[in-house]
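Just below is one structure, and these are the notes that go with it.
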Amino acid sequence: MASSRDDFVIAIRSAFLKKTTKQKFSLLTLIFISVFIIFLSNLNFKIINNLRSIINEIVFRSSFVVSIPENLIITSYSKIVEYSSFYDEFQLNKIQLEELRSKEISNDIIISENNELKGLIEDYSFSSNKILAKVIVDHDSPFLKTIIINKGSFDNIKIGTNIYDKNYLVGRVIEVNFKSSRVLLLSDLNSTVPISITPGNVQAIVVGDGSNSGEIKYIKDNLIEDIQNQSIAYTSGTGSIYKSGIPVGRITTDNSKFIIDFYSDFDQLKYVFVEIQQNLKIGDEKEVDDENLSAAINTEKIKLNILNEEIKILNETNEKFIEENQKLRSQINDTTDKILNLQNKIDNQNKKINQNSIDQEELSFLRQNLIYSSKCQKTVFKKGFKVGTPEYKECILSKGRKLND
Amino acid sequence: MIKFAKHNYLYKVYTFLPIIILYVSVLNEFDFNYLNIDYFSFNFPFILIFYFALKEYNKFDYLLVFIAGLINDTVVGFPLGISSFSYIVVCTFASYLRNITIRPHLIKDWFYFLFVISLINSINYSILFFFFSYDLDIMFYVINNLFTFLLYVPSTLIFNYYIKAIND
């Protein structure tokens with residue numbers, strides 16, 4: 001018993017403390033160091049944060065380089081798939097593009113109006129610039145749904161900065177380094193977004209489900225009935241984490257759950273837009289007046305451009321209508337010609353039918369004439385009718401003379 | 001089979017292959033997530049570290065393993081030190097098994113590995129959940145654990161081939 005305990009102790013001591021010639025540290029030392037690092041990373045020391053930023057910078061760049069062969073394989077595969085369905089997608093895109101063009105103009109008008117109204121009700125306004133950032137690391141980890149982008153504090157990115165794919169919300173920045181940042185995607189379990197749902201204007205909070213969609217949580221029971229399938233969710237702006245009015249996704253109902261299918265496909269992110277906001281406080285009147293004047297001129301210019309575009313599109317549609325009208329006119333002419341031809345044909349056929357009935361009548365008269373001509377014809381010895389008179393014809397058709405004639 | 005001259009530059013690179021693969025796998029999160037199979041994931045560094053620590057491979061420096069853990073934390077986005085701790089604990093358990101085993105057996109090693117990774121994943125989950133308030137899906141951990149366990153034997157066969165090539 002004692003010897004087995006000794007063996008156990010020796011094995012433990014050997015495992016923890018024994019250093020072979022090749023090892024620089026014992027395992028126990030390394031365990032202590034790692035626990036110490038975990039403890040330090042739980043506390044927010046500036047030195048640790050800076051050190052972490054430096055490690056992050058180096059590791060992210062190295063990770064990007066190391067991932068190149070794997071990414072190449074994945075990209076080639078997706079390209080092959082893309083080419084195989086290229087034509088169908090092109091046709092679909094063509095139709096969608098037409099629809100979107102018309103919608104875009106009305107959107108631009110609404111946005112410029114919205115900006116004007118915001119300027120009127122707030123004493124400061126946000127001027128936001130969207131800059132393009134490249135996704136350098138995207139490993140689609142099952143534990144944390146994050147991506148690394150190649151813009152950092154050098155490009156004015158701060159923790160909480162909103163990230164977009166086109167105009168759709170993707171997530172927010174949770175860690176900033178000098179030239180790189182980590183973005184927490186909406187699909188992550190730790191992501192919560194306050195949203196409004198239309199129709200119904202229902203307020204709710206969407207939480208990521210760890211895969212590629214989100215689930216609506218924290219909603220009042222009496223408002224559940226207002227949510228319909230395929231309702232649209234956009235950010236409500238509550239809590240000032242995300243800007244208001246950004247499209248998030250569409251809602252699908254699954255039994256009693258409400259699932260959000262995000263508009264953006266997080267697996268396909270190659271480039272994203274980072275919104276950098278700057279607060280412009282209205283203090284220095286002159287400066288602000290100048291800025292306001294230039295802003296007003298700019299908005300007027302934008303409006304004029306929009307109106308010009310609208311006129312251009314209206315002209316184009318008018319031309320299309322005129323073309324269609326001409327086509328329709330020529331079609332009408334063709335059809336009237338056809339109708340006239342058909343009418344002529346009908347008349348001819350009617351004539352033929354009439355002629356035919358007359359001929360039939362004549363034929364029956366001639367047949368009967370052969371039989372009954374002796375009864376109706378006037379001779380020296382017999383009373384009758386002169387051949388060719390209507391009375392004669394009547395007599396033949398009534399098969400001979402009646403007694404009272 | 002490939003044979004190298006012992007002082008060849010290529011041979012030196014070949015002897016450091018496990019460490020190189022470990023670094024590539026932590027930098028690239030080598031787990032085939034892009035296949036988009038639901039819940040499918042496995043922890044390749046655990047398999048690699050356990051195997052080479054168990055075999056007491058002379059080029060497998062624990063300090064390098066520790067640094068690999070720090071890199072993994074940075075890539076995944078976990079608090080610094082978590083993966084280093086996990087990797088060093090795997091090394092410790094493997095080292096303990098090596099010390100108490102007279103006649104090694106693959107099946108025994110395999111089930112011991114299951115015990116080790118289950119323990120480490122539980123510790124990981126607990127630290128992240130209780131101390132860092134991370135929201136994590138426990139199902140991912142369970143399935144990751146299962147696939148890591150299942151892939152240990154095929155990986156071992158490949159590593160055995162490598163060790164044999166080095167010793168020859």
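Chain labels A, B, ... are given in the sequence in which chains occur in the structure tokens; within each chain residues are numbered consecutively from 1, and ligands are likewise numbered from 1 in the order shown.
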Show me which bits of chain A are within 6 Å of chain B, counting only C-alpha atoms, as a PyMOL selection string. chain A and resi 11+15+23+31+34+37-38+63+67+189-190
